[in-house]
There are 2 protein chains.
Amino acid sequence: MKTIQHIAREISASGLKVTPQRVAVMQALHKLNHPRAEEIFNEVSGSIPGLSPTTVYNVLDILAGKGMIKKVKTDSGVMRYDAVSDHHHHMYCIDTDRVEDFFDPELDMILQNYFQKKKIEGFKLEDIKLQLMGKFDESEKSKSI
Amino acid sequence: MKTIQHIAREISASGLKVTPQRVAVMQALHKLNHPRAEEIFNEVSGSIPGLSPTTVYNVLDILAGKGMIKKVKTDSGVMRYDAVSDHHHHMYCIDTDRVEDFFDPELDMILQNYFQKKKIEGFKLEDIKLQLMGKFDESEKSKSI
DNA sequence: TTCCTAAAATGGAATAATTACAAATTAGAA
DNA sequence: TTCTAATTTGTAATTATTCCATTTTAGGAA
């Protein structure tokens, strides 16, 4: 888990002012699993009384704009957020709204090689995201949020 | 372009009643490029006076549920729809909301082989969707919607 | 340390997409 | 032709999110 100091340094390094709201949102993002804005608001409200939902949306937008966090789209249409900024993909549960990160450098390499050879006409590819759709094992249920 | 008769047969084959609204929505989906519900409503309103937006949402949900069409999620958060039900992926423009289909059976085969060998612990993979993020060539601009 | 100002947070209202639901209509089987 | 479950309609409600004017604050300069 990242320390408050580490988070503060990250925010500062992105040219942003370090505010309690931003630090707390980052902490909540690390603690929760792909939370929606509302969940972050609930989590952060505890430590920051008087927090406005608008602020949460603002902070999330700004952090995402700086590449510090990622927006994750789900089929339900609600935006979810991800503190992990390293390149990765997502596993989506077909039945629930559970989302998990999926890291696979080997696969990334395969895809990179593939698209290096096979250019797409009229399109400059910059990033590939995989959406792995499926079902998590029942025994894994307890891990879901 | 599919005929009305063909569309009617498709709908019927899915165990649904053939209504003018459903046929018209399917036609609009074939005509438009990844439209949002509102665009479909505008298109279909012409041929079906008194059409309700609710009906468009209903029809889209039901057709998607039967696998006749697909829902396409965009980063803006608005749902878009796709008449093409064959397995394919999507190219997203980073700057605009343009979306295009991407077919690549060779790549699908590579991915299928890869995940046959390399199982994901605790997750039963059922489908892989690629989101290709990038930019369409300027000269291609006219094709955008 | 205090001051200053642009940046950030707040709150309440507005918006946009979508859903809920009860009533009216209709496709298509009998 | 009749009947009924399926479908459509319309209005209201909801939900996530954004807008914007005002207030507050972080952090650099004096």
# chains A, B, ... in the order shown; residues from 1 in each chain; ligands from 1

$ select_by_dssp --residues "region 39-83 of chain A" --states "alpha helix (DSSP H)" --output "mmCIF file with C-alpha atoms, in the first residue's frame"
data_model
loop_
_atom_site.group_PDB
_atom_site.id
_atom_site.type_symbol
_atom_site.label_atom_id
_atom_site.label_comp_id
_atom_site.auth_asym_id
_atom_site.auth_seq_id
_atom_site.Cartn_x
_atom_site.Cartn_y
_atom_site.Cartn_z
ATOM 1 C CA GLU A 39 -18.263 4.228 -3.653
ATOM 2 C CA ILE A 40 -15.241 6.478 -3.562
ATOM 3 C CA PHE A 41 -17.385 9.287 -2.252
ATOM 4 C CA ASN A 42 -18.729 7.070 0.529
ATOM 5 C CA GLU A 43 -15.245 5.895 1.449
ATOM 6 C CA VAL A 44 -13.668 9.334 1.417
ATOM 7 C CA SER A 45 -16.546 11.099 3.188
ATOM 8 C CA GLY A 46 -15.398 9.407 6.361
ATOM 9 C CA SER A 47 -12.070 11.157 6.448
ATOM 10 C CA PRO A 53 -19.665 14.487 -4.806
ATOM 11 C CA THR A 54 -18.727 17.021 -7.454
ATOM 12 C CA THR A 55 -15.238 17.122 -6.024
ATOM 13 C CA VAL A 56 -14.898 13.379 -6.375
ATOM 14 C CA TYR A 57 -15.849 13.592 -10.032
ATOM 15 C CA ASN A 58 -13.480 16.516 -10.532
ATOM 16 C CA VAL A 59 -10.582 14.757 -8.882
ATOM 17 C CA LEU A 60 -11.172 11.532 -10.778
ATOM 18 C CA ASP A 61 -11.319 13.384 -14.080
ATOM 19 C CA ILE A 62 -8.150 15.278 -13.379
ATOM 20 C CA LEU A 63 -6.212 12.245 -12.177
ATOM 21 C CA ALA A 64 -7.363 10.304 -15.219
ATOM 22 C CA GLY A 65 -6.347 13.187 -17.465
#

$ interface_residues --of "chain D" --to "chain B" --cutoff "10 Å" --atoms "only C-alpha atoms (C1' of nucleotides)" --output "ChimeraX atom specification"
/D:6-10,16-17

$ write_last_selection --atoms "C-alpha atoms (C1' of nucleotides)" --output "tab-separated table (two decimals), in the first residue's frame"
chain	number	residue	atom	x	y	z
D	6	DA	C1'	-46.60	-9.84	-25.56
D	7	DT	C1'	-45.63	-5.34	-26.86
D	8	DT	C1'	-45.95	-0.37	-27.07
D	9	DT	C1'	-46.91	3.95	-25.13
D	10	DG	C1'	-46.45	8.09	-22.16
D	16	DA	C1'	-24.91	9.32	-13.01
D	17	DT	C1'	-22.79	13.17	-14.17

$ select_by_dssp --residues "chain A" --states "strand (DSSP E or B)" --output "PyMOL selection string"
chain A and resi 36+70-73+79-82+89-93+99-102+123-136

$ write_last_selection --atoms "N, CA and C atoms" --output "short mmCIF file (atom, residue, chain, number, x, y, z; two decimals), in the first residue's frame"
data_model
loop_
_atom_site.label_atom_id
_atom_site.label_comp_id
_atom_site.auth_asym_id
_atom_site.auth_seq_id
_atom_site.Cartn_x
_atom_site.Cartn_y
_atom_site.Cartn_z
N ARG A 36 -16.87 2.63 -8.29
CA ARG A 36 -17.53 3.70 -9.01
C ARG A 36 -17.36 4.98 -8.18
N LYS A 70 -7.02 5.14 -14.23
CA LYS A 70 -7.71 4.83 -15.50
C LYS A 70 -9.20 4.72 -15.30
N LYS A 71 -9.91 5.11 -16.33
CA LYS A 71 -11.35 4.92 -16.33
C LYS A 71 -11.64 3.56 -16.93
N VAL A 72 -12.57 2.87 -16.31
CA VAL A 72 -12.95 1.55 -16.81
C VAL A 72 -14.45 1.54 -17.09
N LYS A 73 -14.77 1.27 -18.34
CA LYS A 73 -16.16 1.25 -18.75
C LYS A 73 -16.77 -0.12 -18.54
N MET A 79 -19.36 4.45 -14.93
CA MET A 79 -17.91 4.53 -15.01
C MET A 79 -17.30 3.96 -13.73
N ARG A 80 -16.18 3.24 -13.90
CA ARG A 80 -15.46 2.75 -12.73
C ARG A 80 -14.02 3.18 -12.89
N TYR A 81 -13.31 3.19 -11.76
CA TYR A 81 -11.97 3.74 -11.77
C TYR A 81 -10.95 2.75 -11.25
N ASP A 82 -9.73 2.91 -11.71
CA ASP A 82 -8.68 1.94 -11.47
C ASP A 82 -7.38 2.67 -11.14
N HIS A 89 -5.18 -5.29 -18.74
CA HIS A 89 -6.51 -5.48 -19.33
C HIS A 89 -7.51 -5.80 -18.21
N HIS A 90 -8.73 -6.12 -18.60
CA HIS A 90 -9.74 -6.38 -17.58
C HIS A 90 -10.55 -7.65 -17.85
N MET A 91 -10.84 -8.34 -16.77
CA MET A 91 -11.75 -9.48 -16.82
C MET A 91 -13.10 -9.00 -16.30
N TYR A 92 -14.13 -9.26 -17.08
CA TYR A 92 -15.47 -8.84 -16.68
C TYR A 92 -16.33 -10.07 -16.43
N CYS A 93 -17.06 -10.05 -15.34
CA CYS A 93 -18.01 -11.14 -15.09
C CYS A 93 -19.28 -10.87 -15.89
N VAL A 99 -15.22 -6.73 -11.76
CA VAL A 99 -14.14 -6.47 -12.71
C VAL A 99 -12.81 -6.75 -12.02
N GLU A 100 -11.90 -7.40 -12.72
CA GLU A 100 -10.57 -7.62 -12.15
C GLU A 100 -9.50 -7.26 -13.18
N ASP A 101 -8.36 -6.86 -12.68
CA ASP A 101 -7.24 -6.54 -13.56
C ASP A 101 -6.65 -7.81 -14.15
N PHE A 102 -6.08 -7.68 -15.32
CA PHE A 102 -5.41 -8.80 -15.97
C PHE A 102 -4.10 -8.32 -16.59
N PHE A 123 -5.91 3.74 -40.01
CA PHE A 123 -6.05 3.85 -38.56
C PHE A 123 -4.69 3.72 -37.90
N LYS A 124 -4.35 4.70 -37.07
CA LYS A 124 -3.08 4.67 -36.36
C LYS A 124 -3.31 4.12 -34.96
N LEU A 125 -2.97 2.88 -34.77
CA LEU A 125 -3.21 2.19 -33.51
C LEU A 125 -2.28 2.71 -32.42
N GLU A 126 -2.83 3.05 -31.27
CA GLU A 126 -2.00 3.56 -30.18
C GLU A 126 -2.06 2.70 -28.92
N ASP A 127 -3.17 2.00 -28.75
CA ASP A 127 -3.28 1.19 -27.54
C ASP A 127 -4.29 0.07 -27.77
N ILE A 128 -4.03 -1.06 -27.15
CA ILE A 128 -4.94 -2.20 -27.27
C ILE A 128 -5.44 -2.58 -25.89
N LYS A 129 -6.75 -2.59 -25.74
CA LYS A 129 -7.32 -3.04 -24.48
C LYS A 129 -8.13 -4.31 -24.72
N LEU A 130 -7.89 -5.31 -23.91
CA LEU A 130 -8.68 -6.54 -24.01
C LEU A 130 -9.77 -6.53 -22.94
N GLN A 131 -10.96 -6.89 -23.38
CA GLN A 131 -12.04 -7.12 -22.43
C GLN A 131 -12.27 -8.62 -22.41
N LEU A 132 -11.88 -9.24 -21.31
CA LEU A 132 -12.07 -10.69 -21.18
C LEU A 132 -13.39 -10.93 -20.48
N MET A 133 -14.34 -11.47 -21.23
CA MET A 133 -15.66 -11.69 -20.68
C MET A 133 -15.78 -13.14 -20.23
N GLY A 134 -16.35 -13.35 -19.07
CA GLY A 134 -16.48 -14.73 -18.60
C GLY A 134 -17.08 -14.80 -17.21
N LYS A 135 -16.77 -15.89 -16.53
CA LYS A 135 -17.33 -16.08 -15.20
C LYS A 135 -16.23 -16.41 -14.21
N PHE A 136 -16.29 -15.78 -13.07
CA PHE A 136 -15.35 -16.10 -12.00
C PHE A 136 -15.84 -17.36 -11.29
#

$ atom_distance --atom1 "CA of Val78 (chain B)" --atom2 "CA of Ala28 (chain A)"
26.1 Å

$ residues_around --residues "Ile7 (chain B)" --least-positions-apart "6" --cutoff "9 Å" --atoms "only C-alpha atoms (C1' of nucleotides)" --output "number ranges by chain"
B: 23, 26-27

$ closest_residue --among "C:DC21, C:DC3, C:DA27, C:DA16" --to "chain B" --atoms "only C-alpha atoms (C1' of nucleotides)"
C:DA27

$ decode --residues "region 40-81 of chain A" --atoms "N, CA and C atoms" --output "short mmCIF file (atom, residue, chain, number, x, y, z; two decimals), in the first residue's frame"
data_model
loop_
_atom_site.label_atom_id
_atom_site.label_comp_id
_atom_site.auth_asym_id
_atom_site.auth_seq_id
_atom_site.Cartn_x
_atom_site.Cartn_y
_atom_site.Cartn_z
N ILE A 40 -16.38 5.68 -3.99
CA ILE A 40 -15.24 6.48 -3.56
C ILE A 40 -15.72 7.60 -2.66
N PHE A 41 -16.82 8.22 -3.07
CA PHE A 41 -17.38 9.29 -2.25
C PHE A 41 -17.71 8.79 -0.85
N ASN A 42 -18.38 7.63 -0.77
CA ASN A 42 -18.73 7.07 0.53
C ASN A 42 -17.49 6.81 1.38
N GLU A 43 -16.49 6.22 0.74
CA GLU A 43 -15.24 5.89 1.45
C GLU A 43 -14.55 7.16 1.96
N VAL A 44 -14.45 8.14 1.10
CA VAL A 44 -13.67 9.33 1.42
C VAL A 44 -14.42 10.28 2.36
N SER A 45 -15.75 10.24 2.31
CA SER A 45 -16.55 11.10 3.19
C SER A 45 -16.17 10.92 4.65
N GLY A 46 -15.77 9.69 4.98
CA GLY A 46 -15.40 9.41 6.36
C GLY A 46 -14.27 10.30 6.83
N SER A 47 -13.24 10.39 6.02
CA SER A 47 -12.07 11.16 6.45
C SER A 47 -12.19 12.64 6.08
N ILE A 48 -13.03 12.96 5.13
CA ILE A 48 -13.19 14.36 4.74
C ILE A 48 -14.65 14.77 4.88
N PRO A 49 -15.05 15.22 6.05
CA PRO A 49 -16.45 15.62 6.24
C PRO A 49 -16.75 16.83 5.36
N GLY A 50 -17.93 16.86 4.82
CA GLY A 50 -18.31 17.99 3.98
C GLY A 50 -17.86 17.84 2.55
N LEU A 51 -17.30 16.69 2.25
CA LEU A 51 -16.86 16.44 0.87
C LEU A 51 -18.06 16.50 -0.08
N SER A 52 -17.82 17.10 -1.23
CA SER A 52 -18.87 17.18 -2.24
C SER A 52 -18.68 16.10 -3.31
N PRO A 53 -19.78 15.48 -3.72
CA PRO A 53 -19.66 14.49 -4.81
C PRO A 53 -19.01 15.09 -6.04
N THR A 54 -19.32 16.35 -6.30
CA THR A 54 -18.73 17.02 -7.45
C THR A 54 -17.21 16.98 -7.39
N THR A 55 -16.69 17.16 -6.18
CA THR A 55 -15.24 17.12 -6.02
C THR A 55 -14.67 15.77 -6.41
N VAL A 56 -15.37 14.72 -6.02
CA VAL A 56 -14.90 13.38 -6.37
C VAL A 56 -14.83 13.24 -7.89
N TYR A 57 -15.86 13.66 -8.56
CA TYR A 57 -15.85 13.59 -10.03
C TYR A 57 -14.72 14.45 -10.61
N ASN A 58 -14.56 15.64 -10.07
CA ASN A 58 -13.48 16.52 -10.53
C ASN A 58 -12.13 15.85 -10.38
N VAL A 59 -11.88 15.37 -9.17
CA VAL A 59 -10.58 14.76 -8.88
C VAL A 59 -10.34 13.56 -9.79
N LEU A 60 -11.34 12.72 -9.94
CA LEU A 60 -11.17 11.53 -10.78
C LEU A 60 -10.87 11.92 -12.22
N ASP A 61 -11.57 12.93 -12.70
CA ASP A 61 -11.32 13.38 -14.08
C ASP A 61 -9.90 13.91 -14.25
N ILE A 62 -9.47 14.69 -13.28
CA ILE A 62 -8.15 15.28 -13.38
C ILE A 62 -7.05 14.23 -13.27
N LEU A 63 -7.21 13.31 -12.33
CA LEU A 63 -6.21 12.25 -12.18
C LEU A 63 -6.16 11.38 -13.44
N ALA A 64 -7.32 11.11 -14.00
CA ALA A 64 -7.36 10.30 -15.22
C ALA A 64 -6.70 11.06 -16.37
N GLY A 65 -6.95 12.37 -16.41
CA GLY A 65 -6.35 13.19 -17.46
C GLY A 65 -4.83 13.17 -17.39
N LYS A 66 -4.30 13.07 -16.19
CA LYS A 66 -2.84 13.03 -15.99
C LYS A 66 -2.28 11.62 -16.13
N GLY A 67 -3.17 10.66 -16.34
CA GLY A 67 -2.71 9.29 -16.53
C GLY A 67 -2.37 8.58 -15.23
N MET A 68 -2.73 9.19 -14.11
CA MET A 68 -2.42 8.57 -12.82
C MET A 68 -3.38 7.43 -12.49
N ILE A 69 -4.58 7.52 -13.02
CA ILE A 69 -5.56 6.45 -12.83
C ILE A 69 -6.22 6.19 -14.19
N LYS A 70 -7.02 5.14 -14.23
CA LYS A 70 -7.71 4.83 -15.50
C LYS A 70 -9.20 4.72 -15.30
N LYS A 71 -9.91 5.11 -16.33
CA LYS A 71 -11.35 4.92 -16.33
C LYS A 71 -11.64 3.56 -16.93
N VAL A 72 -12.57 2.87 -16.31
CA VAL A 72 -12.95 1.55 -16.81
C VAL A 72 -14.45 1.54 -17.09
N LYS A 73 -14.77 1.27 -18.34
CA LYS A 73 -16.16 1.25 -18.75
C LYS A 73 -16.77 -0.12 -18.54
N THR A 74 -17.97 -0.16 -17.98
CA THR A 74 -18.64 -1.45 -17.83
C THR A 74 -19.92 -1.45 -18.66
N ASP A 75 -20.48 -2.64 -18.84
CA ASP A 75 -21.66 -2.74 -19.68
C ASP A 75 -22.88 -2.07 -19.05
N SER A 76 -22.87 -1.91 -17.75
CA SER A 76 -24.01 -1.27 -17.11
C SER A 76 -24.03 0.23 -17.41
N GLY A 77 -22.92 0.75 -17.91
CA GLY A 77 -22.89 2.15 -18.30
C GLY A 77 -22.32 3.06 -17.23
N VAL A 78 -22.06 2.52 -16.06
CA VAL A 78 -21.48 3.32 -15.00
C VAL A 78 -19.96 3.30 -15.11
N MET A 79 -19.36 4.45 -14.93
CA MET A 79 -17.91 4.53 -15.01
C MET A 79 -17.30 3.96 -13.73
N ARG A 80 -16.18 3.24 -13.90
CA ARG A 80 -15.46 2.75 -12.73
C ARG A 80 -14.02 3.18 -12.89
N TYR A 81 -13.31 3.19 -11.76
CA TYR A 81 -11.97 3.74 -11.77
C TYR A 81 -10.95 2.75 -11.25
#
